[in-house]
file upload_32.cif (mmCIF, C-alpha atoms)
data_upload
loop_
_atom_site.group_PDB
_atom_site.id
_atom_site.type_symbol
_atom_site.label_atom_id
_atom_site.label_comp_id
_atom_site.auth_asym_id
_atom_site.auth_seq_id
_atom_site.Cartn_x
_atom_site.Cartn_y
_atom_site.Cartn_z
ATOM 1 C CA MET A 1 51.992 -28.038 -8.564
ATOM 2 C CA ILE A 2 49.189 -27.257 -10.972
ATOM 3 C CA ASN A 3 45.956 -25.895 -9.580
ATOM 4 C CA SER A 4 42.975 -27.533 -11.120
ATOM 5 C CA VAL A 5 40.356 -25.140 -12.360
ATOM 6 C CA SER A 6 36.799 -26.238 -12.887
ATOM 7 C CA LYS A 7 35.561 -25.866 -16.436
ATOM 8 C CA ASN A 8 32.389 -24.223 -15.112
ATOM 9 C CA PRO A 9 33.268 -20.983 -13.268
ATOM 10 C CA LEU A 10 30.030 -21.265 -11.305
ATOM 11 C CA ASP A 11 31.241 -24.515 -9.727
ATOM 12 C CA ARG A 12 34.198 -22.799 -8.023
ATOM 13 C CA LYS A 13 34.019 -21.199 -4.651
ATOM 14 C CA ASN A 14 34.963 -17.561 -4.991
ATOM 15 C CA ASN A 15 36.843 -15.915 -2.162
ATOM 16 C CA PHE A 16 36.674 -12.349 -3.416
ATOM 17 C CA SER A 17 37.285 -9.451 -1.056
ATOM 18 C CA PHE A 18 34.442 -7.598 -2.827
ATOM 19 C CA ASP A 19 30.897 -8.471 -3.853
ATOM 20 C CA PRO A 20 31.025 -9.572 -7.502
ATOM 21 C CA LYS A 21 27.293 -8.917 -7.953
ATOM 22 C CA LEU A 22 27.689 -5.286 -6.900
ATOM 23 C CA SER A 23 30.704 -4.971 -9.172
ATOM 24 C CA LEU A 24 28.537 -6.110 -12.069
ATOM 25 C CA GLY A 25 25.918 -3.478 -11.221
ATOM 26 C CA LEU A 26 23.507 -5.934 -9.575
ATOM 27 C CA LYS A 27 21.846 -5.072 -6.281
ATOM 28 C CA HIS A 28 20.145 -7.178 -3.662
ATOM 29 C CA PHE A 29 16.520 -6.409 -3.009
ATOM 30 C CA LYS A 30 14.475 -7.243 0.021
ATOM 31 C CA SER A 31 11.240 -8.921 -0.921
ATOM 32 C CA GLU A 32 8.401 -10.707 0.752
ATOM 33 C CA ALA A 33 5.028 -12.124 -0.167
ATOM 34 C CA ILE A 34 1.892 -12.059 1.929
ATOM 35 C CA GLU A 35 -0.874 -14.514 1.151
ATOM 36 C CA ASN A 36 -4.471 -14.386 2.282
ATOM 37 C CA GLN A 37 -6.300 -17.425 3.512
ATOM 38 C CA SER A 38 -9.622 -15.862 2.541
ATOM 39 C CA SER A 39 -8.768 -15.150 -1.116
ATOM 40 C CA THR A 40 -6.486 -16.125 -3.973
ATOM 41 C CA GLU A 41 -4.641 -12.813 -3.836
ATOM 42 C CA LYS A 42 -0.999 -12.341 -2.904
ATOM 43 C CA LEU A 43 0.771 -9.104 -2.097
ATOM 44 C CA TYR A 44 4.432 -8.838 -3.043
ATOM 45 C CA LEU A 45 6.591 -6.128 -1.453
ATOM 46 C CA ILE A 46 9.924 -5.501 -3.161
ATOM 47 C CA GLU A 47 12.212 -2.976 -1.508
ATOM 48 C CA THR A 48 14.899 -1.453 -3.703
ATOM 49 C CA THR A 49 17.502 1.143 -2.836
ATOM 50 C CA ASN A 50 15.275 4.081 -3.801
ATOM 51 C CA SER A 51 11.753 2.690 -3.891
ATOM 52 C CA ILE A 52 9.276 0.143 -2.667
ATOM 53 C CA ILE A 53 7.250 -1.796 -5.198
ATOM 54 C CA LEU A 54 3.846 -3.237 -4.283
ATOM 55 C CA GLN A 55 2.398 -5.862 -6.559
ATOM 56 C CA LYS A 56 -1.022 -7.368 -5.945
ATOM 57 C CA CYS A 57 -1.494 -10.636 -7.769
ATOM 58 C CA ASP A 58 -4.691 -12.566 -8.268
ATOM 59 C CA PRO A 59 -4.781 -15.342 -10.870
ATOM 60 C CA THR A 60 -8.264 -14.199 -11.924
ATOM 61 C CA LYS A 61 -7.423 -10.496 -12.427
ATOM 62 C CA ASP A 62 -4.829 -8.140 -13.859
ATOM 63 C CA ARG A 63 -1.848 -7.320 -11.662
ATOM 64 C CA ASP A 64 -1.693 -4.035 -9.799
ATOM 65 C CA VAL A 65 1.783 -2.584 -9.431
ATOM 66 C CA LEU A 66 2.523 0.549 -7.403
ATOM 67 C CA VAL A 67 5.876 2.164 -6.739
ATOM 68 C CA TYR A 68 6.623 4.414 -3.768
ATOM 69 C CA ASP A 69 9.760 6.400 -3.022
ATOM 70 C CA ASN A 70 11.626 4.804 -0.159
ATOM 71 C CA ASN A 71 11.144 7.526 2.470
ATOM 72 C CA PRO A 72 9.784 7.471 6.055
ATOM 73 C CA SER A 73 6.305 8.802 5.235
ATOM 74 C CA ASN A 74 5.822 6.216 2.506
ATOM 75 C CA GLN A 75 7.165 3.508 4.806
ATOM 76 C CA LYS A 76 4.143 4.123 7.064
ATOM 77 C CA ILE A 77 1.857 3.467 4.083
ATOM 78 C CA ILE A 78 3.707 0.255 3.282
ATOM 79 C CA ASP A 79 3.539 -0.854 6.927
ATOM 80 C CA ARG A 80 -0.243 -0.232 7.020
ATOM 81 C CA ILE A 81 -0.742 -2.209 3.811
ATOM 82 C CA LYS A 82 1.439 -5.045 5.035
ATOM 83 C CA SER A 83 -0.344 -5.214 8.398
ATOM 84 C CA ALA A 84 -3.774 -5.108 6.759
ATOM 85 C CA TRP A 85 -2.845 -8.024 4.507
ATOM 86 C CA GLU A 86 -1.491 -9.985 7.459
ATOM 87 C CA TRP A 87 -4.767 -9.296 9.324
ATOM 88 C CA GLU A 88 -6.781 -10.096 6.171
ATOM 89 C CA ALA A 89 -8.407 -6.668 6.455
ATOM 90 C CA GLN A 90 -7.008 -5.050 3.306
ATOM 91 C CA GLU A 91 -10.454 -3.957 2.065
ATOM 92 C CA GLU A 92 -11.451 -2.443 5.434
ATOM 93 C CA LEU A 93 -8.362 -0.373 6.202
ATOM 94 C CA ILE A 94 -7.072 2.847 4.652
ATOM 95 C CA ALA A 95 -3.509 2.878 3.299
ATOM 96 C CA THR A 96 -3.364 6.575 2.475
ATOM 97 C CA ALA A 97 -5.617 9.553 1.779
ATOM 98 C CA LYS A 98 -5.295 12.994 0.267
ATOM 99 C CA VAL A 99 -7.492 15.999 -0.443
ATOM 100 C CA VAL A 100 -7.304 17.339 -4.010
ATOM 101 C CA ASP A 101 -9.505 20.330 -4.757
ATOM 102 C CA ASN A 102 -12.982 19.323 -3.576
ATOM 103 C CA TRP A 103 -12.207 15.588 -3.589
ATOM 104 C CA LEU A 104 -11.145 13.161 -0.912
ATOM 105 C CA LEU A 105 -8.991 10.428 -2.449
ATOM 106 C CA ILE A 106 -8.517 7.254 -0.427
ATOM 107 C CA MET A 107 -6.514 4.167 -1.264
ATOM 108 C CA ASP A 108 -7.506 1.137 0.762
ATOM 109 C CA CYS A 109 -4.932 -1.496 1.702
ATOM 110 C CA ASN A 110 -6.135 -3.642 -1.198
ATOM 111 C CA LEU A 111 -4.709 -0.894 -3.461
ATOM 112 C CA LYS A 112 -8.147 0.240 -4.645
ATOM 113 C CA ILE A 113 -8.678 3.990 -4.943
ATOM 114 C CA TRP A 114 -11.917 5.593 -3.778
ATOM 115 C CA GLN A 115 -13.018 9.163 -4.627
ATOM 116 C CA ALA A 116 -15.559 11.175 -2.690
ATOM 117 C CA ALA A 117 -16.614 14.754 -3.348
ATOM 118 C CA PHE A 118 -16.821 16.821 -0.168
ATOM 119 C CA ASP A 119 -20.057 18.426 -1.383
ATOM 120 C CA GLU A 120 -21.773 15.063 -1.967
ATOM 121 C CA ILE A 121 -21.275 13.505 1.480
ATOM 122 C CA LEU A 122 -23.100 15.146 4.353
ATOM 123 C CA CYS A 123 -20.424 14.712 7.038
ATOM 124 C CA LEU A 124 -17.663 15.880 4.655
ATOM 125 C CA LYS A 125 -19.753 18.834 3.495
ATOM 126 C CA GLN A 126 -19.726 20.141 7.084
ATOM 127 C CA ILE A 127 -15.926 20.472 7.095
ATOM 128 C CA PRO A 128 -14.829 24.027 6.229
ATOM 129 C CA ILE A 129 -12.753 24.280 3.059
ATOM 130 C CA SER A 130 -9.825 25.612 5.085
ATOM 131 C CA GLU A 131 -9.867 22.480 7.302
ATOM 132 C CA ARG A 132 -10.319 19.745 4.704
ATOM 133 C CA ASN A 133 -6.595 18.978 4.492
ATOM 134 C CA ASN A 134 -6.287 18.878 8.280
ATOM 135 C CA PHE A 135 -7.197 15.259 8.887
ATOM 136 C CA ILE A 136 -5.340 12.543 10.735
ATOM 137 C CA LEU A 137 -5.103 9.031 9.376
ATOM 138 C CA ASP A 138 -5.275 6.507 12.203
ATOM 139 C CA GLU A 139 -1.985 4.639 12.649
ATOM 140 C CA ASP A 140 -3.442 1.287 11.514
ATOM 141 C CA GLY A 141 -5.666 2.845 8.837
ATOM 142 C CA SER A 142 -9.000 2.323 10.621
ATOM 143 C CA TYR A 143 -10.306 5.832 9.984
ATOM 144 C CA LEU A 144 -9.684 9.453 9.017
ATOM 145 C CA TYR A 145 -10.289 12.078 11.712
ATOM 146 C CA TRP A 146 -11.076 15.783 11.371
ATOM 147 C CA GLN A 147 -10.737 17.402 14.790
ATOM 148 C CA CYS A 148 -12.465 20.661 13.791
ATOM 149 C CA ASN A 149 -15.834 18.883 13.430
ATOM 150 C CA ASP A 150 -15.010 15.742 15.444
ATOM 151 C CA ILE A 151 -15.590 13.559 12.383
ATOM 152 C CA HIS A 152 -14.310 9.991 12.246
ATOM 153 C CA LEU A 153 -14.697 8.399 8.811
ATOM 154 C CA ASP A 154 -13.812 4.821 7.917
ATOM 155 C CA ILE A 155 -13.626 3.219 4.493
ATOM 156 C CA GLU A 156 -17.012 1.524 4.889
ATOM 157 C CA ALA A 157 -18.717 4.893 5.445
ATOM 158 C CA ILE A 158 -17.168 6.175 2.204
ATOM 159 C CA LYS A 159 -18.180 3.036 0.303
ATOM 160 C CA ALA A 160 -21.728 3.316 1.668
ATOM 161 C CA GLU A 161 -21.974 6.871 0.350
ATOM 162 C CA ILE A 162 -20.573 6.282 -3.132
ATOM 163 C CA VAL A 163 -21.534 2.660 -3.924
ATOM 164 C CA PRO A 164 -25.318 2.101 -3.738
ATOM 165 C CA GLU A 165 -24.938 -1.705 -3.776
ATOM 166 C CA PHE A 166 -22.589 -1.544 -0.784
ATOM 167 C CA ARG A 167 -25.030 0.723 1.074
ATOM 168 C CA GLN A 168 -27.814 -1.833 0.566
ATOM 169 C CA LYS A 169 -25.527 -4.661 1.639
ATOM 170 C CA ILE A 170 -24.718 -3.081 4.991
#

call {"tool": "encode", "arguments": {"input": "upload_32.cif", "output": "structure tokens"}}
result
Amino acid sequence: MINSVSKNPLDRKNNFSFDPKLSLGLKHFKSEAIENQSSTEKLYLIETTNSIILQKCDPTKDRDVLVYDNNPSNQKIIDRIKSAWEWEAQEELIATAKVVDNWLLIMDCNLKIWQAAFDEILCLKQIPISERNNFILDEDGSYLYWQCNDIHLDIEAIKAEIVPEFRQKI
């Protein structure tokens, strides 16, 4: 008996005991897209073996692409960003923050980075230099909290201090 073989190898059902894609060096990635009803933007999350890629797409603007190492602390950032997009609050919630020298760097969940000098913002100026790194980022990204001076700071307060047009708007 002669087994018929399809001329196109893709037409055959393969019953391999191994994953041919992995054998060829290809890997499966987990990906998802989050759309906003209130804007034309989409957020794509692509999870690879070693990293997580965030890509913000808006047909009217350039694409933003960020890559994070796939570790537990970065997963919290990704979860905050994802939740903010699902809640359509990506411009109001903080994804991550860090103190560098005399600067507070904040990335909102819309992947925009804000910079504020501690000496230029009254409530930040009150925080002793030794305590500036000792803040807590709220689990959902609503605010930063410095216990030493009982200061709660949200992204809108930062925007109001560094963007005059935003201050007038609110």

call {"tool": "resolve_selection", "arguments": {"input": "upload_32.cif", "expression": "the PyMOL selection byres ((chain A and resi 120-133) around 7)", "output": "list in words"}}
result
Val99, Ala117, Phe118, Asp119, Asn134, Phe135, Asn149 and Glu161 of chain A

call {"tool": "resolve_selection", "arguments": {"input": "upload_32.cif", "expression": "the PyMOL selection byres ((chain A and resi 87-93) around 12)", "output": "PyMOL selection string"}}
result
chain A and resi 34-43+56+77-86+94-97+106-114+137-144+153-159

call {"tool": "resolve_selection", "arguments": {"input": "upload_32.cif", "expression": "the PyMOL selection byres ((chain A and resi 66) around 7)", "output": "list in words"}}
result
Ile53, Leu54, Gln55, Asp64, Val65, Val67 and Tyr68 of chain A

call {"tool": "atom_distance", "arguments": {"input": "upload_32.cif", "atom1": "CA of Ile136 in chain A", "atom2": "CA of Pro164 in chain A"}}
result
26.8 Å

call {"tool": "atom_distance", "arguments": {"input": "upload_32.cif", "atom1": "CA of Ile162 in chain A", "atom2": "CA of Ala116 in chain A"}}
result
7.0 Å

call {"tool": "atom_distance", "arguments": {"input": "upload_32.cif", "atom1": "CA of Asn74 in chain A", "atom2": "CA of His152 in chain A"}}
result
22.7 Å
